[in-house]
Amino acid sequence: MQLATEQDSEWIAAIQSGANLPLWKPNSTSWVLEKKAFAIWQAAASECELLSVAVEPAERGKGFAKTLIEYCCSELAKLGVEKFFLEVRESNIAAISLYKKMGFKKISERKKYYANEEAAIVMELNRQK
Ligand SMILES: CC(C)(COP(=O)(O)OP(=O)(O)OC[C@H]1O[C@@H](n2cnc3c(N)ncnc32)[C@H](O)[C@@H]1OP(=O)(O)O)[C@@H](O)C(=O)NCCC(=O)NCCS
């Protein structure tokens with residue numbers, strides 16, 4: 001696992017456009033796993049938001065997203081992050097199942113959040129002691 005650099009922007013953008021995800025924001029905290037998966041976060045003090053996570057289509061279902069997010073959460077915890085938030089399309093069963101498996105809980109719903117009027121599910125992982 002390593003921090004993402006500008007050199008990763010091309011392959012990250014390719015996966016993002018294939019998965020219909022927002023484009024990488026270079027000033028966020030981002031990690032990559034062997035050009036197979038990336039996770040992009042925005043941290044502010046003790047809270048952090050997962051902006052985007054994706055795995056190369058051919059590499060899905062092998063545990064890479066789970067491994068990467070667990071790694072990111074422990075690195076961010078070292079920086080003082082206690083609460084992790086994310087938004088996910090209500091139709092994204094794979095991602096919702098992944099997040100639940102990692103301990104994220106649904107805390108609210110934003111109706112008609114996306115351009116196609118799909119709702120966003122807001123989830124939180126609280127690692128506060
Ligand atoms: C969502 C995504 C990141 C999952 O990555 P992945 O590496 O395939 O996930 P993992 O192999 O680590 O799976 C971990 C858990 O997630 C869940 N999961 C993953 N893919 C799933 C699927 N297709 N259907 C249902 N559950 C799924 C399972 O609970 C799985 O645990 P299990 O293997 O013990 O059953 C991947 O499908 C992806 O890149 N999707 C496109 C981008 C996207 O939608 N990102 C999220 C929104 S920003």
# chains A, B, ... in the order shown; residues from 1 in each chain; ligands from 1
>>> residues_near_ligand(ligand="ligand 1", cutoff="9 Å", atoms="only C-alpha atoms and all ligand atoms", output="PyMOL selection string")
chain A and resi 15-16+18-22+36-39+50-57+59-69+86-89+92-102
>>> select_by_dssp(residues="segment 20-123 of chain A", states="alpha helix (DSSP H)", output="list in words")
Phe64, Ala65, Lys66, Thr67, Leu68, Ile69, Glu70, Tyr71, Cys72, Cys73, Ser74, Glu75, Leu76, Ala77, Lys78, Ile93, Ala94, Ala95, Ile96, Ser97, Leu98, Tyr99, Lys100 and Lys101 of chain A
>>> residues_around(residues="Asn126 of chain A", least_positions_apart="3", cutoff="12 Å", atoms="only C-alpha atoms", output="ChimeraX atom specification")
/A:46-49,73,77,81-86,102-107,123,129
>>> write_last_selection(atoms="all heavy atoms", output="short mmCIF file (atom, residue, chain, number, x, y, z; two decimals), in the first residue's frame")
data_model
loop_
_atom_site.label_atom_id
_atom_site.label_comp_id
_atom_site.auth_asym_id
_atom_site.auth_seq_id
_atom_site.Cartn_x
_atom_site.Cartn_y
_atom_site.Cartn_z
N SER A 46 -10.88 15.44 13.35
CA SER A 46 -11.19 14.07 13.77
C SER A 46 -12.22 13.39 12.86
O SER A 46 -12.66 12.29 13.16
CB SER A 46 -11.68 14.06 15.21
OG SER A 46 -12.90 14.78 15.28
N GLU A 47 -12.60 14.07 11.76
CA GLU A 47 -13.58 13.48 10.85
C GLU A 47 -12.98 13.34 9.45
O GLU A 47 -12.10 14.10 9.06
CB GLU A 47 -14.84 14.33 10.80
CG GLU A 47 -15.52 14.38 12.15
CD GLU A 47 -16.91 14.97 12.08
OE1 GLU A 47 -17.35 15.37 10.99
OE2 GLU A 47 -17.57 15.02 13.13
N CYS A 48 -13.51 12.36 8.73
CA CYS A 48 -12.95 12.08 7.43
C CYS A 48 -14.05 11.56 6.52
O CYS A 48 -14.94 10.85 6.97
CB CYS A 48 -11.88 11.01 7.62
SG CYS A 48 -10.97 10.70 6.15
N GLU A 49 -13.97 11.91 5.23
CA GLU A 49 -14.98 11.43 4.30
C GLU A 49 -14.32 10.62 3.19
O GLU A 49 -13.30 11.03 2.63
CB GLU A 49 -15.74 12.62 3.69
CG GLU A 49 -16.77 12.14 2.71
CD GLU A 49 -17.92 13.12 2.51
OE1 GLU A 49 -17.86 14.22 3.07
OE2 GLU A 49 -18.84 12.77 1.77
N CYS A 73 -8.17 3.38 6.94
CA CYS A 73 -8.78 3.76 8.22
C CYS A 73 -7.74 3.72 9.34
O CYS A 73 -7.71 4.60 10.20
CB CYS A 73 -9.96 2.86 8.56
SG CYS A 73 -11.39 3.17 7.52
N ALA A 77 -6.58 6.92 11.34
CA ALA A 77 -6.74 6.91 12.80
C ALA A 77 -5.45 7.40 13.48
O ALA A 77 -5.50 8.11 14.48
CB ALA A 77 -7.11 5.52 13.28
N VAL A 81 -8.10 10.70 13.19
CA VAL A 81 -9.48 10.56 12.70
C VAL A 81 -10.21 9.52 13.55
O VAL A 81 -9.71 8.43 13.81
CB VAL A 81 -9.50 10.15 11.21
CG1 VAL A 81 -10.93 9.85 10.77
CG2 VAL A 81 -8.90 11.26 10.36
N GLU A 82 -11.41 9.88 13.98
CA GLU A 82 -12.24 8.97 14.80
C GLU A 82 -13.54 8.60 14.10
O GLU A 82 -14.12 7.56 14.37
CB GLU A 82 -12.57 9.64 16.14
CG GLU A 82 -11.33 9.88 16.99
CD GLU A 82 -11.61 10.69 18.24
OE1 GLU A 82 -12.62 11.41 18.26
OE2 GLU A 82 -10.81 10.60 19.18
N LYS A 83 -14.02 9.50 13.24
CA LYS A 83 -15.29 9.24 12.55
C LYS A 83 -15.08 9.28 11.05
O LYS A 83 -14.52 10.23 10.52
CB LYS A 83 -16.33 10.30 12.93
CG LYS A 83 -16.80 10.20 14.37
CD LYS A 83 -17.86 11.25 14.60
CE LYS A 83 -18.39 11.16 16.02
NZ LYS A 83 -19.48 12.10 16.25
N PHE A 84 -15.59 8.24 10.38
CA PHE A 84 -15.46 8.13 8.93
C PHE A 84 -16.87 8.18 8.33
O PHE A 84 -17.77 7.49 8.80
CB PHE A 84 -14.80 6.80 8.57
CG PHE A 84 -13.44 6.62 9.20
CD1 PHE A 84 -13.32 6.19 10.51
CD2 PHE A 84 -12.29 6.89 8.49
CE1 PHE A 84 -12.08 6.03 11.11
CE2 PHE A 84 -11.04 6.73 9.07
CZ PHE A 84 -10.94 6.30 10.38
N PHE A 85 -17.03 9.00 7.30
CA PHE A 85 -18.34 9.14 6.64
C PHE A 85 -18.22 8.81 5.15
O PHE A 85 -17.13 8.91 4.57
CB PHE A 85 -18.86 10.58 6.78
CG PHE A 85 -19.12 10.99 8.20
CD1 PHE A 85 -18.14 11.62 8.95
CD2 PHE A 85 -20.35 10.73 8.80
CE1 PHE A 85 -18.38 11.99 10.27
CE2 PHE A 85 -20.60 11.09 10.11
CZ PHE A 85 -19.61 11.73 10.85
N LEU A 86 -19.34 8.46 4.55
CA LEU A 86 -19.37 8.28 3.10
C LEU A 86 -20.80 8.39 2.61
O LEU A 86 -21.75 8.26 3.39
CB LEU A 86 -18.77 6.92 2.72
CG LEU A 86 -19.43 5.66 3.26
CD1 LEU A 86 -20.61 5.23 2.41
CD2 LEU A 86 -18.42 4.55 3.35
N MET A 102 -17.52 -3.67 6.75
CA MET A 102 -16.44 -2.97 7.44
C MET A 102 -16.90 -2.24 8.69
O MET A 102 -16.11 -1.59 9.35
CB MET A 102 -15.82 -1.98 6.48
CG MET A 102 -15.48 -2.66 5.18
SD MET A 102 -14.10 -1.94 4.41
CE MET A 102 -12.96 -2.00 5.70
N GLY A 103 -18.20 -2.32 8.98
CA GLY A 103 -18.70 -1.71 10.22
C GLY A 103 -19.40 -0.38 10.04
O GLY A 103 -19.85 0.23 11.01
N PHE A 104 -19.49 0.10 8.79
CA PHE A 104 -20.23 1.35 8.55
C PHE A 104 -21.72 1.12 8.79
O PHE A 104 -22.25 0.07 8.44
CB PHE A 104 -20.03 1.84 7.11
CG PHE A 104 -18.73 2.56 6.88
CD1 PHE A 104 -17.56 1.85 6.60
CD2 PHE A 104 -18.66 3.94 6.95
CE1 PHE A 104 -16.35 2.51 6.38
CE2 PHE A 104 -17.47 4.62 6.73
CZ PHE A 104 -16.30 3.89 6.44
N LYS A 105 -22.38 2.12 9.37
CA LYS A 105 -23.82 2.05 9.64
C LYS A 105 -24.52 3.20 8.90
O LYS A 105 -23.98 4.32 8.83
CB LYS A 105 -24.11 2.21 11.13
CG LYS A 105 -23.34 1.26 12.02
CD LYS A 105 -24.28 0.22 12.61
CE LYS A 105 -23.58 -0.67 13.63
NZ LYS A 105 -22.76 -1.72 13.03
N LYS A 106 -25.71 2.91 8.39
CA LYS A 106 -26.49 3.97 7.73
C LYS A 106 -26.95 4.98 8.78
O LYS A 106 -27.51 4.60 9.81
CB LYS A 106 -27.71 3.35 7.05
CG LYS A 106 -28.62 4.37 6.41
CD LYS A 106 -29.79 3.69 5.70
CE LYS A 106 -30.78 4.74 5.21
NZ LYS A 106 -31.92 4.18 4.49
N ILE A 107 -26.69 6.28 8.53
CA ILE A 107 -27.14 7.30 9.49
C ILE A 107 -28.20 8.23 8.89
O ILE A 107 -28.93 8.88 9.62
CB ILE A 107 -25.97 8.14 10.06
CG1 ILE A 107 -25.14 8.76 8.94
CG2 ILE A 107 -25.12 7.32 11.00
CD1 ILE A 107 -24.16 9.83 9.41
N MET A 123 -23.40 6.94 5.37
CA MET A 123 -22.98 5.93 6.35
C MET A 123 -21.82 6.46 7.20
O MET A 123 -21.04 7.30 6.75
CB MET A 123 -22.56 4.64 5.64
CG MET A 123 -23.67 4.05 4.77
SD MET A 123 -23.19 2.52 3.94
CE MET A 123 -23.54 1.31 5.23
N LYS A 129 -13.19 6.17 20.99
CA LYS A 129 -13.11 5.28 22.15
C LYS A 129 -13.88 5.87 23.30
O LYS A 129 -14.09 7.04 23.37
CB LYS A 129 -11.66 5.06 22.52
CG LYS A 129 -11.03 4.23 21.42
CD LYS A 129 -9.66 3.71 21.82
CE LYS A 129 -9.10 2.88 20.68
NZ LYS A 129 -7.82 3.34 20.26
#
>>> closest_residue(among="A:Ser74, A:Arg110, A:Ile40, A:Ile121", to="Ala13 of chain A", atoms="only C-alpha atoms")
A:Ile40
>>> atom_distance(atom1="atom CA of Arg127 of chain A", atom2="atom CA of Leu76 of chain A")
11.0 Å
>>> select_by_dssp(residues="segment 5-117 of chain A", states="strand (DSSP E)", output="ChimeraX atom specification")
/A:29-33,37-44,47-55,83-89,105-110
>>> write_last_selection(atoms="C-alpha atoms", output="mmCIF file, in the first residue's frame")
data_model
loop_
_atom_site.group_PDB
_atom_site.id
_atom_site.type_symbol
_atom_site.label_atom_id
_atom_site.label_comp_id
_atom_site.auth_asym_id
_atom_site.auth_seq_id
_atom_site.Cartn_x
_atom_site.Cartn_y
_atom_site.Cartn_z
ATOM 1 C CA THR A 29 -5.549 11.975 1.077
ATOM 2 C CA SER A 30 -5.411 9.048 -1.294
ATOM 3 C CA TRP A 31 -3.957 5.555 -1.262
ATOM 4 C CA VAL A 32 -3.458 3.014 -4.005
ATOM 5 C CA LEU A 33 -3.004 -0.731 -3.940
ATOM 6 C CA ALA A 37 -7.496 -0.197 -6.331
ATOM 7 C CA PHE A 38 -7.579 3.338 -4.978
ATOM 8 C CA ALA A 39 -9.319 5.126 -2.108
ATOM 9 C CA ILE A 40 -9.642 8.900 -1.912
ATOM 10 C CA TRP A 41 -10.364 10.616 1.385
ATOM 11 C CA GLN A 42 -10.869 14.134 2.656
ATOM 12 C CA ALA A 43 -9.836 14.510 6.274
ATOM 13 C CA ALA A 44 -10.615 17.426 8.588
ATOM 14 C CA GLU A 47 -13.576 13.476 10.852
ATOM 15 C CA CYS A 48 -12.954 12.080 7.426
ATOM 16 C CA GLU A 49 -14.983 11.431 4.298
ATOM 17 C CA LEU A 50 -14.442 8.669 1.776
ATOM 18 C CA LEU A 51 -14.817 10.522 -1.548
ATOM 19 C CA SER A 52 -14.211 7.627 -3.871
ATOM 20 C CA VAL A 53 -13.072 4.005 -3.867
ATOM 21 C CA ALA A 54 -12.815 1.642 -6.800
ATOM 22 C CA VAL A 55 -11.100 -1.529 -7.912
ATOM 23 C CA LYS A 83 -15.294 9.238 12.553
ATOM 24 C CA PHE A 84 -15.464 8.128 8.926
ATOM 25 C CA PHE A 85 -18.338 9.142 6.643
ATOM 26 C CA LEU A 86 -19.369 8.281 3.102
ATOM 27 C CA GLU A 87 -22.217 8.633 0.627
ATOM 28 C CA VAL A 88 -23.235 5.840 -1.685
ATOM 29 C CA ARG A 89 -25.932 5.390 -4.335
ATOM 30 C CA LYS A 105 -23.821 2.051 9.635
ATOM 31 C CA LYS A 106 -26.491 3.970 7.732
ATOM 32 C CA ILE A 107 -27.141 7.298 9.487
ATOM 33 C CA SER A 108 -29.308 9.100 6.947
ATOM 34 C CA GLU A 109 -30.533 9.266 3.394
ATOM 35 C CA ARG A 110 -30.370 12.163 0.922
#
>>> decode(residues="segment 71-110 of chain A", atoms="C-alpha atoms", output="short mmCIF file (atom, residue, chain, number, x, y, z; two decimals), in the first residue's frame")
data_model
loop_
_atom_site.label_atom_id
_atom_site.label_comp_id
_atom_site.auth_asym_id
_atom_site.auth_seq_id
_atom_site.Cartn_x
_atom_site.Cartn_y
_atom_site.Cartn_z
CA TYR A 71 -5.44 0.11 5.78
CA CYS A 72 -6.62 3.67 5.08
CA CYS A 73 -8.78 3.76 8.22
CA SER A 74 -5.89 2.66 10.41
CA GLU A 75 -3.53 5.22 8.80
CA LEU A 76 -6.13 7.98 9.19
CA ALA A 77 -6.74 6.91 12.80
CA LYS A 78 -3.02 7.52 13.42
CA LEU A 79 -3.64 11.10 12.23
CA GLY A 80 -6.44 11.48 14.79
CA VAL A 81 -9.48 10.56 12.70
CA GLU A 82 -12.24 8.97 14.80
CA LYS A 83 -15.29 9.24 12.55
CA PHE A 84 -15.46 8.13 8.93
CA PHE A 85 -18.34 9.14 6.64
CA LEU A 86 -19.37 8.28 3.10
CA GLU A 87 -22.22 8.63 0.63
CA VAL A 88 -23.23 5.84 -1.68
CA ARG A 89 -25.93 5.39 -4.34
CA GLU A 90 -28.78 3.33 -2.92
CA SER A 91 -28.51 1.01 -5.96
CA ASN A 92 -24.83 0.23 -5.33
CA ILE A 93 -25.36 -3.09 -3.57
CA ALA A 94 -21.70 -4.16 -3.85
CA ALA A 95 -20.43 -0.99 -2.18
CA ILE A 96 -23.13 -0.92 0.51
CA SER A 97 -22.41 -4.54 1.35
CA LEU A 98 -18.66 -3.78 1.51
CA TYR A 99 -19.19 -0.81 3.83
CA LYS A 100 -21.55 -2.74 6.13
CA LYS A 101 -19.01 -5.55 6.33
CA MET A 102 -16.44 -2.97 7.44
CA GLY A 103 -18.70 -1.71 10.22
CA PHE A 104 -20.23 1.35 8.55
CA LYS A 105 -23.82 2.05 9.64
CA LYS A 106 -26.49 3.97 7.73
CA ILE A 107 -27.14 7.30 9.49
CA SER A 108 -29.31 9.10 6.95
CA GLU A 109 -30.53 9.27 3.39
CA ARG A 110 -30.37 12.16 0.92
#
